[in-house]
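The structure appears right after this line, and notes come after that.
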Amino acid sequence: MRPLVSLPRSLASCHSIEDLRRMAQGRLPRCIFDFYDGGAEDESSMANNRSAFERQRLSPRALIDVSKASPATELFGRPLGMPMAIGPTGALGFGWRDADLHLARTAAKHDIPFTLSSSGTASIEAVAKASSGRLWFQAYVLRNQEFFWQMIQRAERANFEALVITVDLPVGGKRERDLHNHFSVPFRLTPRNAIDFAMHPCWTLDLLRRGIPAFENLRGLEMTAKSSTEIASSVGRSYDPSFDWDRLAQVRDRWPRKLIVKGITRSDDAQRAVTIGCDAIVVSNHGGRQLDSAIGTLDALPEVVSAVNGRIPVMLDGGIRRGTDAAKAIALGASAVLLGRATLFGVVAAGAPGADRALNILRDEFLRTMQLCGARHPAELTSDLIR
């Protein structure tokens with residue numbers, strides 16, 4: 001039997017992303033926390049992401065002067081405070097009001113990009129107004145193509161640096177935690193979640209006082225679940241399963257700035273993305289939220305890096321919980337990692353200070369790992385450090 005672990009009482013007592021996760025768990029109704037924390041079906045893809053990091057071991061170099069080591073690097077020819085970016089996470093406002101804006105501002109403070117999800121609870125324009133940092137916009141490919149192109153045009157007008165097209169989600173996954181919790185979008189009051197909400201009065205009072213946050217970038221798009229058997233992220237009903245390489249090439253032709261394709265785990269797909277002119281690839285299995293039994297992203301990374309052969313940056317997401325995880329990904333060829341649940345847990349636990357705490361934890365751990373491995377710069381995290 002696992003020992004009981006007390007919940008952190010304050011941010012000061014949070015010394016890891018897991019501490020922030022438990023703080024968020026204590027603050028949120030179960031259905032909301034499980035929506036963020038859960039994965040598809042048996043959640044083996046989530047487990048694969050973590051086990052891929054846990055299998056790799058570090059073989060550090062000794063007797064190197066690391067007194068002036070720095071995590072700073074660059075991406076797309078621009079400075080980066082550390083080789084990380086905040087990846088797209090939807091429905092953040094359900095956990096903490098204005099969480100997208102808090103994350104965008106915090107990312108700018110740490111000199112890393114923030115990616116706004118098309119299913120975020122802040123609009124493209126609001127995020128552009130709130131943050132002076134590097135902004136990326138992630139677009140789900142919708143059946144309503146006119147609506148899809150309008151979102152992209154809005155991101156262009158708002159001067160977002162990059163467009164992230166998610167290609168691993170032709171249909172929504174089966175997230176069984178959400179089904180058991182009777183969680184749907186928009187919320188439906190059931191006996192189970194009514195009790196759940198009543199046990200978390202601070203969260204519930206804010207919801208009653210200020211209303212349910214909206215998917216601001218999807219206003220006007222019909223996405224309501226029709227039955228309790230449908231997946232809670234019911235915007236999945238609006239995804240376009242016919243989207244293919246020809247359509248991605250059209251996006252490349254119409255988007256004038258950096259184009260990042262997210263959701264690649266195979267060498268042949270990586271080569272084709274380079275061929276049509278994508279500017280970067282994110283090795284991703286959607287955080288294990290859609291396809292179960294998917295390969296862990298760190299396991300997939302070397303194959304994709306080899307196929308790309310330095311022509312464009314390769315990034316990785318999925319399972320990053322420690323700065324050591326980021327260091328392993330960099331050593332295996334990633335230019336940066338995208339943070340999903342790690343910063344999500346911080347912001348829904350405590351708002352902007354929680355987001356800042358998450359990034360400070362990861363920065364400290366990453367820099368410490370660099371120094372302990374004899375690396376003075378992220379470029380010195382190389383594959384010979386991995387066993």
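Chain labels run A, B, ... following the order of the structure tokens; each chain numbers its residues from 1, and ligands are numbered from 1 in the order shown.
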**Message:** Can you tell me which residues surround region 291-294 of chain A at a distance of at most 8 Å, considering only C-alpha atoms, apart from same-chain residues fewer than 3 positions away, and format the answer as a list in words?
**Reply:** Gly39, Ala40, Glu41, Asp42, Glu43, Ser44, Ser45, Asn48, Gly173, Asn285 and Gly288 of chain A
Residues of region 54-164 of chain A that approach region 11-35 of chain A to 12 Å or less, counting only C-alpha atoms: could you list each one with the shortest pair of atoms and its distance in Å to one decimal, rows by chain and increasing residue number, as a Markdown table?
| residue | atom | partner | partner_atom | distance |
| --- | --- | --- | --- | --- |
| A:Thr89 | CA | A:Phe35 | CA | 11.3 |
| A:Gly90 | CA | A:Phe35 | CA | 10.2 |
| A:Ala91 | CA | A:Phe35 | CA | 9.3 |
| A:Leu92 | CA | A:Ile32 | CA | 10.0 |
| A:Gly93 | CA | A:Ile32 | CA | 10.6 |
| A:Phe94 | CA | A:Ile32 | CA | 7.2 |
| A:Gly95 | CA | A:Ile32 | CA | 6.9 |
| A:Trp96 | CA | A:Leu28 | CA | 9.2 |
**Request:** Run DSSP on the backbone and grab whatever in region 61-241 of chain A lands in strand (DSSP E); send it over as JSON, numbers by chain.
**Result:** {"A": [73, 74, 75, 78, 79, 80, 84, 85, 86, 114, 115, 116, 117, 135, 136, 137, 138, 139, 162, 163, 164, 165, 166]}
**Fill in**
Between A:Ala139, A:Ala349, A:Ala280, A:Met84, smallest distance to Asp111 (chain A) by only C-alpha atoms belongs to A:Met84
Where does DSSP see helix (DSSP H, G or I) in region 277-311 of chain A, if you list the residues as a PDB file with all heavy atoms, in the first residue's frame?
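Saved as result-v2.pdb:
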ATOM      1  N   HIS A 286       0.503  13.738 -28.459  1.00  0.00           N
ATOM      2  CA  HIS A 286      -0.588  14.500 -27.855  1.00  0.00           C
ATOM      3  C   HIS A 286      -0.689  14.250 -26.353  1.00  0.00           C
ATOM      4  O   HIS A 286      -1.785  14.253 -25.774  1.00  0.00           O
ATOM      5  CB  HIS A 286      -1.928  14.168 -28.529  1.00  0.00           C
ATOM      6  CG  HIS A 286      -2.829  15.361 -28.690  1.00  0.00           C
ATOM      7  ND1 HIS A 286      -2.956  16.056 -29.862  1.00  0.00           N
ATOM      8  CD2 HIS A 286      -3.626  16.007 -27.806  1.00  0.00           C
ATOM      9  CE1 HIS A 286      -3.795  17.051 -29.707  1.00  0.00           C
ATOM     10  NE2 HIS A 286      -4.219  17.056 -28.454  1.00  0.00           N
ATOM     11  N   GLY A 287       0.469  14.055 -25.741  1.00  0.00           N
ATOM     12  CA  GLY A 287       0.487  13.843 -24.307  1.00  0.00           C
ATOM     13  C   GLY A 287      -0.235  12.589 -23.863  1.00  0.00           C
ATOM     14  O   GLY A 287      -0.628  12.458 -22.699  1.00  0.00           O
ATOM     15  N   GLY A 288      -0.427  11.640 -24.785  1.00  0.00           N
ATOM     16  CA  GLY A 288      -1.128  10.406 -24.458  1.00  0.00           C
ATOM     17  C   GLY A 288      -2.624  10.573 -24.324  1.00  0.00           C
ATOM     18  O   GLY A 288      -3.306   9.662 -23.834  1.00  0.00           O
ATOM     19  N   THR A 297       7.524   9.561 -26.732  1.00  0.00           N
ATOM     20  CA  THR A 297       8.116  10.544 -27.641  1.00  0.00           C
ATOM     21  C   THR A 297       9.638  10.551 -27.590  1.00  0.00           C
ATOM     22  O   THR A 297      10.288  10.769 -28.613  1.00  0.00           O
ATOM     23  CB  THR A 297       7.557  11.948 -27.360  1.00  0.00           C
ATOM     24  OG1 THR A 297       7.720  12.262 -25.974  1.00  0.00           O
ATOM     25  CG2 THR A 297       6.084  12.017 -27.716  1.00  0.00           C
ATOM     26  N   LEU A 298      10.228  10.335 -26.421  1.00  0.00           N
ATOM     27  CA  LEU A 298      11.691  10.287 -26.366  1.00  0.00           C
ATOM     28  C   LEU A 298      12.223   9.087 -27.138  1.00  0.00           C
ATOM     29  O   LEU A 298      13.296   9.156 -27.739  1.00  0.00           O
ATOM     30  CB  LEU A 298      12.181  10.244 -24.918  1.00  0.00           C
ATOM     31  CG  LEU A 298      13.684  10.509 -24.749  1.00  0.00           C
ATOM     32  CD1 LEU A 298      14.004  11.970 -25.020  1.00  0.00           C
ATOM     33  CD2 LEU A 298      14.170  10.112 -23.356  1.00  0.00           C
ATOM     34  N   ASP A 299      11.472   7.977 -27.158  1.00  0.00           N
ATOM     35  CA  ASP A 299      11.867   6.821 -27.963  1.00  0.00           C
ATOM     36  C   ASP A 299      11.798   7.140 -29.458  1.00  0.00           C
ATOM     37  O   ASP A 299      12.592   6.624 -30.247  1.00  0.00           O
ATOM     38  CB  ASP A 299      10.965   5.628 -27.657  1.00  0.00           C
ATOM     39  CG  ASP A 299      11.239   5.020 -26.297  1.00  0.00           C
ATOM     40  OD1 ASP A 299      12.371   5.139 -25.799  1.00  0.00           O
ATOM     41  OD2 ASP A 299      10.303   4.427 -25.713  1.00  0.00           O
ATOM     42  N   ALA A 300      10.832   7.974 -29.852  1.00  0.00           N
ATOM     43  CA  ALA A 300      10.667   8.315 -31.267  1.00  0.00           C
ATOM     44  C   ALA A 300      11.650   9.394 -31.729  1.00  0.00           C
ATOM     45  O   ALA A 300      11.908   9.528 -32.929  1.00  0.00           O
ATOM     46  CB  ALA A 300       9.236   8.789 -31.523  1.00  0.00           C
ATOM     47  N   LEU A 301      12.166  10.165 -30.788  1.00  0.00           N
ATOM     48  CA  LEU A 301      12.978  11.341 -31.140  1.00  0.00           C
ATOM     49  C   LEU A 301      14.196  11.029 -32.011  1.00  0.00           C
ATOM     50  O   LEU A 301      14.399  11.706 -33.033  1.00  0.00           O
ATOM     51  CB  LEU A 301      13.404  12.057 -29.859  1.00  0.00           C
ATOM     52  CG  LEU A 301      14.310  13.281 -30.023  1.00  0.00           C
ATOM     53  CD1 LEU A 301      13.594  14.393 -30.792  1.00  0.00           C
ATOM     54  CD2 LEU A 301      14.777  13.787 -28.654  1.00  0.00           C
ATOM     55  N   PRO A 302      15.050  10.056 -31.675  1.00  0.00           N
ATOM     56  CA  PRO A 302      16.261   9.848 -32.496  1.00  0.00           C
ATOM     57  C   PRO A 302      15.963   9.554 -33.961  1.00  0.00           C
ATOM     58  O   PRO A 302      16.685  10.025 -34.851  1.00  0.00           O
ATOM     59  CB  PRO A 302      16.940   8.654 -31.802  1.00  0.00           C
ATOM     60  CG  PRO A 302      16.483   8.729 -30.386  1.00  0.00           C
ATOM     61  CD  PRO A 302      15.050   9.184 -30.472  1.00  0.00           C
ATOM     62  N   GLU A 303      14.910   8.789 -34.233  1.00  0.00           N
ATOM     63  CA  GLU A 303      14.555   8.477 -35.617  1.00  0.00           C
ATOM     64  C   GLU A 303      14.178   9.738 -36.386  1.00  0.00           C
ATOM     65  O   GLU A 303      14.581   9.929 -37.542  1.00  0.00           O
ATOM     66  CB  GLU A 303      13.386   7.486 -35.631  1.00  0.00           C
ATOM     67  CG  GLU A 303      12.869   7.145 -37.021  1.00  0.00           C
ATOM     68  CD  GLU A 303      11.698   6.173 -36.981  1.00  0.00           C
ATOM     69  OE1 GLU A 303      11.587   5.394 -36.023  1.00  0.00           O
ATOM     70  OE2 GLU A 303      10.888   6.203 -37.938  1.00  0.00           O
ATOM     71  N   VAL A 304      13.413  10.609 -35.751  1.00  0.00           N
ATOM     72  CA  VAL A 304      12.998  11.845 -36.410  1.00  0.00           C
ATOM     73  C   VAL A 304      14.186  12.778 -36.591  1.00  0.00           C
ATOM     74  O   VAL A 304      14.365  13.384 -37.663  1.00  0.00           O
ATOM     75  CB  VAL A 304      11.876  12.529 -35.608  1.00  0.00           C
ATOM     76  CG1 VAL A 304      11.535  13.893 -36.200  1.00  0.00           C
ATOM     77  CG2 VAL A 304      10.634  11.637 -35.582  1.00  0.00           C
ATOM     78  N   VAL A 305      15.021  12.899 -35.583  1.00  0.00           N
ATOM     79  CA  VAL A 305      16.212  13.749 -35.681  1.00  0.00           C
ATOM     80  C   VAL A 305      17.109  13.281 -36.818  1.00  0.00           C
ATOM     81  O   VAL A 305      17.622  14.081 -37.612  1.00  0.00           O
ATOM     82  CB  VAL A 305      16.978  13.764 -34.347  1.00  0.00           C
ATOM     83  CG1 VAL A 305      18.357  14.402 -34.509  1.00  0.00           C
ATOM     84  CG2 VAL A 305      16.189  14.515 -33.283  1.00  0.00           C
ATOM     85  N   SER A 306      17.289  11.981 -36.934  1.00  0.00           N
ATOM     86  CA  SER A 306      18.123  11.432 -38.007  1.00  0.00           C
ATOM     87  C   SER A 306      17.536  11.735 -39.380  1.00  0.00           C
ATOM     88  O   SER A 306      18.253  12.088 -40.320  1.00  0.00           O
ATOM     89  CB  SER A 306      18.276   9.923 -37.822  1.00  0.00           C
ATOM     90  OG  SER A 306      19.023   9.349 -38.868  1.00  0.00           O
ATOM     91  N   ALA A 307      16.214  11.609 -39.508  1.00  0.00           N
ATOM     92  CA  ALA A 307      15.565  11.862 -40.796  1.00  0.00           C
ATOM     93  C   ALA A 307      15.668  13.325 -41.200  1.00  0.00           C
ATOM     94  O   ALA A 307      15.876  13.650 -42.377  1.00  0.00           O
ATOM     95  CB  ALA A 307      14.099  11.435 -40.725  1.00  0.00           C
ATOM     96  N   VAL A 308      15.533  14.213 -40.230  1.00  0.00           N
ATOM     97  CA  VAL A 308      15.595  15.651 -40.526  1.00  0.00           C
ATOM     98  C   VAL A 308      17.023  16.080 -40.841  1.00  0.00           C
ATOM     99  O   VAL A 308      17.254  16.978 -41.672  1.00  0.00           O
ATOM    100  CB  VAL A 308      15.022  16.444 -39.329  1.00  0.00           C
ATOM    101  CG1 VAL A 308      15.310  17.925 -39.461  1.00  0.00           C
ATOM    102  CG2 VAL A 308      13.520  16.201 -39.228  1.00  0.00           C
TER     103      VAL A 308
END
**Asked** So which residues touch region 116-120 of chain A within 10 Å, counting only C-alpha atoms, skipping near sequence neighbours fewer than 6 positions away, as a count of residues only?
**Response** 40
**Polymer residues at most 9 Å from Arg143 (chain A), only C-alpha atoms, same-chain spacing of 4 or more positions, as a PyMOL selection string** = chain A and resi 147-148+237-243
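Between CA of Ser267 (chain A) and CA of Asp279 (chain A) there is a distance of 15.9 Å.
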**Item:** Nearest-residue call for Ile295 (chain A), choices A:Ser123, A:Ser59, A:Asn49, A:Thr204, using only C-alpha atoms
**Value:** A:Asn49
**Prompt:** Can you tell me, as a list in words, what residues are no more than 9 Å from Arg105 (chain A) when counting only C-alpha atoms, ignoring any on the same chain fewer than 5 positions away?
**Reply:** Asp100, His110, Phe114, Val127, Ala130, Ser131, Ser132, Gly133 and Ala352 of chain A
**Prompt:** What's the 10 Å shell around region 76-79 of chain A, counting only C-alpha atoms, without same-chain residues fewer than 2 positions away, as a PyMOL selection string?
**Reply:** chain A and resi 72-74+81-83+111-112+134+161+258+279-280+312-313
Could you write out the selected residues, including C-alpha atoms, as a CSV table (one decimal), in the first residue's frame?
chain,number,residue,atom,x,y,z
A,72,ALA,CA,20.2,30.3,-22.8
A,73,THR,CA,20.1,29.3,-26.4
A,74,GLU,CA,18.3,30.3,-29.6
A,81,GLY,CA,16.0,31.9,-22.1
A,82,MET,CA,16.2,28.1,-22.0
A,83,PRO,CA,15.4,25.4,-24.6
A,111,ASP,CA,12.1,34.6,-22.5
A,112,ILE,CA,10.4,31.5,-23.9
A,134,ARG,CA,7.0,35.3,-28.5
A,161,GLU,CA,5.5,34.4,-34.7
A,258,LYS,CA,7.1,30.0,-39.2
A,279,ASP,CA,10.0,25.2,-40.4
A,280,ALA,CA,10.1,22.8,-37.4
A,312,ILE,CA,15.0,22.2,-39.4
A,313,PRO,CA,14.7,22.2,-35.6
**Prompt:** Which residue, A:Gln56, A:Gln145, A:Thr265, A:Ser51, has the smallest gap to Asp384 (chain A) when you use only C-alpha atoms?
**Reply:**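 Result for the nearest residue to Asp384 (chain A): A:Gln56.
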**Asked** Looking at A:Ile212, A:Ile361, A:Val283, A:Ala334, which one is nearest to Leu75 (chain A), with distances taken over only C-alpha atoms?
**Response** A:Ala334
**Message:** Just want the 12 Å neighbourhood of Pro71 (chain A), counted on only C-alpha atoms, with same-chain residues fewer than 3 positions away dropped. Output as a PyMOL selection string.
**Reply:** chain A and resi 66+68+74+79-84+110-112+323+326-327+330+336+362-371+375-381
